[in-house]
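**Student:** A single structure is presented below for examination.
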Amino acid sequence: MFIVALKCSPNKPRLAGKVGVVKIHVADHPLLKHKLTVLRDEKTNSPTFRQLTEEIVTLLAYEATREVRTEKISVKTPVATTQGEILAKPKPVVVPILRAGLGMLEGMTRLIPTAEVGFLGMIRDHDTLQPSTYANRLPDDLTGRQCYILDPMLATGGTLIAAMKYLIEKGARDITAITILAAPEGIAAVEKAFEGSDFPITIVTGALDEKLNEKGYIVPGLGDAGDRLYGVV
Ligand code: URA
C-alpha cells in the first residue's frame, strides 16, 4: 500500500494515496481524532456512540464529496444576480450497508439531504468471514450515478468488495466508500479485487488501524460496530 501526505490545512497533513485505481484518503483533523478516541473507548455507551458516529460521518462526508457533481445556475440575491452551483442531477446515491452502516446514514444525509438512499443488507459469517446479501433496495440502473457506500469497518474487505461489485453490476462507475476505520488487510483486498479496473474507486476513512486479529476484528479498532450502535441482538 502506498500512502502519501497531502497538505490540506496549514498545520495538519491529510493522508492520501493512490494504488492502481483505488484512491485512499485517511482524513486527519484534531476534532475527528478526538471523536474517534471517544468512539473507540469501551466505556462509551450506545447513545453516545450513535451520536459520535453521525458527527464523524459528517466530517468524513465533507472529504468524500469533494468531487460531487454540481451544475452552474444563476441566483438572484437581494442585492444582485450571480452565478452559483447546485448539486447536479441525477442526485448522488447513498448506500448504507445494514446493519452498522445505518448508523452512518444520518451523518451523511445531514450533508446531502437531497441524496437518494438505497439499502444493502449484508452479513459476514463469523467463522468463514464471508459476506452474504440478505436484503437490497436500490435503483435498478446506477449508470451515471455517484454512489457513496457507508460501512463503518473496512476489515477483511469482503463485505465492501461484494457491495461494490453489486453496484458495478447495476452500472455504477463512480463509487466512494466511507468507513470510520480501515485495516491494511481490507484496503489491500479492495485494491486486489479492483486491480486493472478502468474506473476509480475511492475509500475515505477516519483512521488506518494496525491489523486484523484472528477473528477478523480491527486492532485496536472499536469492537463490533453494529453491537456498539444497536446492542447485541
Ligand atoms: N466489523 C466490526 O464491527 N468490527 C471489526 O473490528 C471488524 C468488522
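Just remember, in the C-alpha cells the first chain shown is A, the second B, etc., residues are 1-based per chain, and ligands are 1-based in the order shown.
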Residues of chain A within 8 Å of ligand 1: nearest atom pair and distance (Å, one decimal) for each, counting only C-alpha atoms and all ligand atoms, sorted by chain and number, as a Markdown table?
**Tutor:**
| residue | atom | partner | partner_atom_place_in_ligand_line | distance |
| --- | --- | --- | --- | --- |
| A:Ala100 | CA | ligand 1 | 3 (O) | 7.4 |
| A:Pro152 | CA | ligand 1 | 3 (O) | 7.3 |
| A:Met153 | CA | ligand 1 | 1 (N) | 5.2 |
| A:Leu154 | CA | ligand 1 | 8 (C) | 6.7 |
| A:Ala155 | CA | ligand 1 | 7 (C) | 4.9 |
| A:Thr156 | CA | ligand 1 | 8 (C) | 7.6 |
| A:Leu212 | CA | ligand 1 | 6 (O) | 7.5 |
| A:Gly216 | CA | ligand 1 | 7 (C) | 5.9 |
| A:Tyr217 | CA | ligand 1 | 6 (O) | 3.4 |
| A:Ile218 | CA | ligand 1 | 6 (O) | 3.8 |
| A:Val219 | CA | ligand 1 | 6 (O) | 6.9 |
| A:Gly221 | CA | ligand 1 | 6 (O) | 5.5 |
| A:Leu222 | CA | ligand 1 | 6 (O) | 6.3 |
| A:Gly223 | CA | ligand 1 | 4 (N) | 4.9 |
| A:Asp224 | CA | ligand 1 | 3 (O) | 3.3 |
| A:Ala225 | CA | ligand 1 | 3 (O) | 3.8 |
| A:Gly226 | CA | ligand 1 | 3 (O) | 5.7 |
| A:Asp227 | CA | ligand 1 | 3 (O) | 7.4 |
**Student:** From a DSSP pass on the backbone, collect the residues of range 164-224 of chain A flagged as strand (DSSP E) and hand them back as a list in words.
**Tutor:**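 The strand (DSSP E) subset of range 164-224 of chain A is Asp174, Ile175, Thr176, Ala177, Ile178, Thr179, Ile180, Leu181, Ala182, Ile201, Thr202, Ile203, Val204, Thr205, Gly206, Ala207, Leu208, Lys211, Leu212, Ile218 and Val219 of chain A.
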**Student:** With N, CA and C atoms retained, write the just-selected residues as a compact mmCIF listing (two decimals), in the first residue's frame.
**Tutor:**
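Result file result_3.txt:
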# COMPACT_ATOMS: atom_id res chain seq x y z
N ASP A 174 -18.74 5.15 -10.45
CA ASP A 174 -18.20 6.24 -9.63
C ASP A 174 -18.57 5.93 -8.18
N ILE A 175 -17.68 5.22 -7.50
CA ILE A 175 -18.02 4.69 -6.18
C ILE A 175 -17.03 5.18 -5.13
N THR A 176 -17.56 5.70 -4.05
CA THR A 176 -16.74 6.11 -2.91
C THR A 176 -17.27 5.37 -1.68
N ALA A 177 -16.37 4.75 -0.94
CA ALA A 177 -16.77 4.11 0.32
C ALA A 177 -16.32 4.99 1.47
N ILE A 178 -17.22 5.19 2.42
CA ILE A 178 -16.86 5.93 3.62
C ILE A 178 -16.83 4.94 4.78
N THR A 179 -15.68 4.83 5.43
CA THR A 179 -15.58 3.93 6.57
C THR A 179 -15.00 4.71 7.76
N ILE A 180 -15.36 4.30 8.94
CA ILE A 180 -14.82 5.01 10.12
C ILE A 180 -13.39 4.53 10.38
N LEU A 181 -13.19 3.22 10.31
CA LEU A 181 -11.85 2.65 10.48
C LEU A 181 -11.56 1.70 9.33
N ALA A 182 -10.28 1.55 9.03
CA ALA A 182 -9.89 0.58 7.99
C ALA A 182 -8.66 -0.18 8.47
N ILE A 201 -11.97 3.94 -7.78
CA ILE A 201 -12.73 3.65 -6.56
C ILE A 201 -12.05 4.41 -5.45
N THR A 202 -12.83 5.07 -4.62
CA THR A 202 -12.23 5.88 -3.54
C THR A 202 -12.68 5.35 -2.19
N ILE A 203 -11.75 5.32 -1.26
CA ILE A 203 -12.09 4.96 0.12
C ILE A 203 -11.69 6.14 1.00
N VAL A 204 -12.65 6.65 1.75
CA VAL A 204 -12.36 7.71 2.71
C VAL A 204 -12.57 7.13 4.10
N THR A 205 -11.55 7.20 4.92
CA THR A 205 -11.65 6.58 6.24
C THR A 205 -11.15 7.54 7.32
N GLY A 206 -11.63 7.30 8.54
CA GLY A 206 -11.24 8.17 9.65
C GLY A 206 -9.87 7.81 10.20
N ALA A 207 -9.49 6.54 10.10
CA ALA A 207 -8.17 6.12 10.58
C ALA A 207 -7.80 4.79 9.95
N LEU A 208 -6.51 4.64 9.74
CA LEU A 208 -5.99 3.37 9.25
C LEU A 208 -5.37 2.67 10.45
N LYS A 211 -4.00 -3.65 12.25
CA LYS A 211 -4.12 -5.00 11.65
C LYS A 211 -5.48 -5.60 12.00
N LEU A 212 -5.70 -6.81 11.52
CA LEU A 212 -6.86 -7.61 11.94
C LEU A 212 -6.39 -8.66 12.93
N ILE A 218 -10.83 -5.49 13.72
CA ILE A 218 -9.77 -4.49 13.53
C ILE A 218 -9.11 -4.20 14.88
N VAL A 219 -7.77 -4.14 14.87
CA VAL A 219 -6.98 -3.85 16.07
C VAL A 219 -6.26 -2.51 15.87
**Student:** Residues at most 9 Å from Tyr134 in chain A, counting only C-alpha atoms, excluding those fewer than 4 positions away in the same chain, as a list in words?
**Tutor:**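 Residues meeting the cut-off are Leu120, Gly121, Met122 and Ile123 of chain A.
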**Student:** Restricting the calculation to only C-alpha atoms: of A:Thr65, A:Glu210, A:Lys170, A:Tyr148, which residue gets closest to Ala183 in chain A?
**Tutor:** A:Glu210
**Student:** Between CA of Arg99 in chain A and CA of Leu36 in chain A, what is the distance, to one decimal in Å?
**Tutor:**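 Pair CA of Arg99 in chain A / CA of Leu36 in chain A returns 19.9 Å.
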**Student:** Check the DSSP output for the backbone and give back, as number ranges by chain, the residues of range 6-140 of chain A in alpha helix (DSSP H).
**Tutor:** A: 30-40, 46-64, 102-111
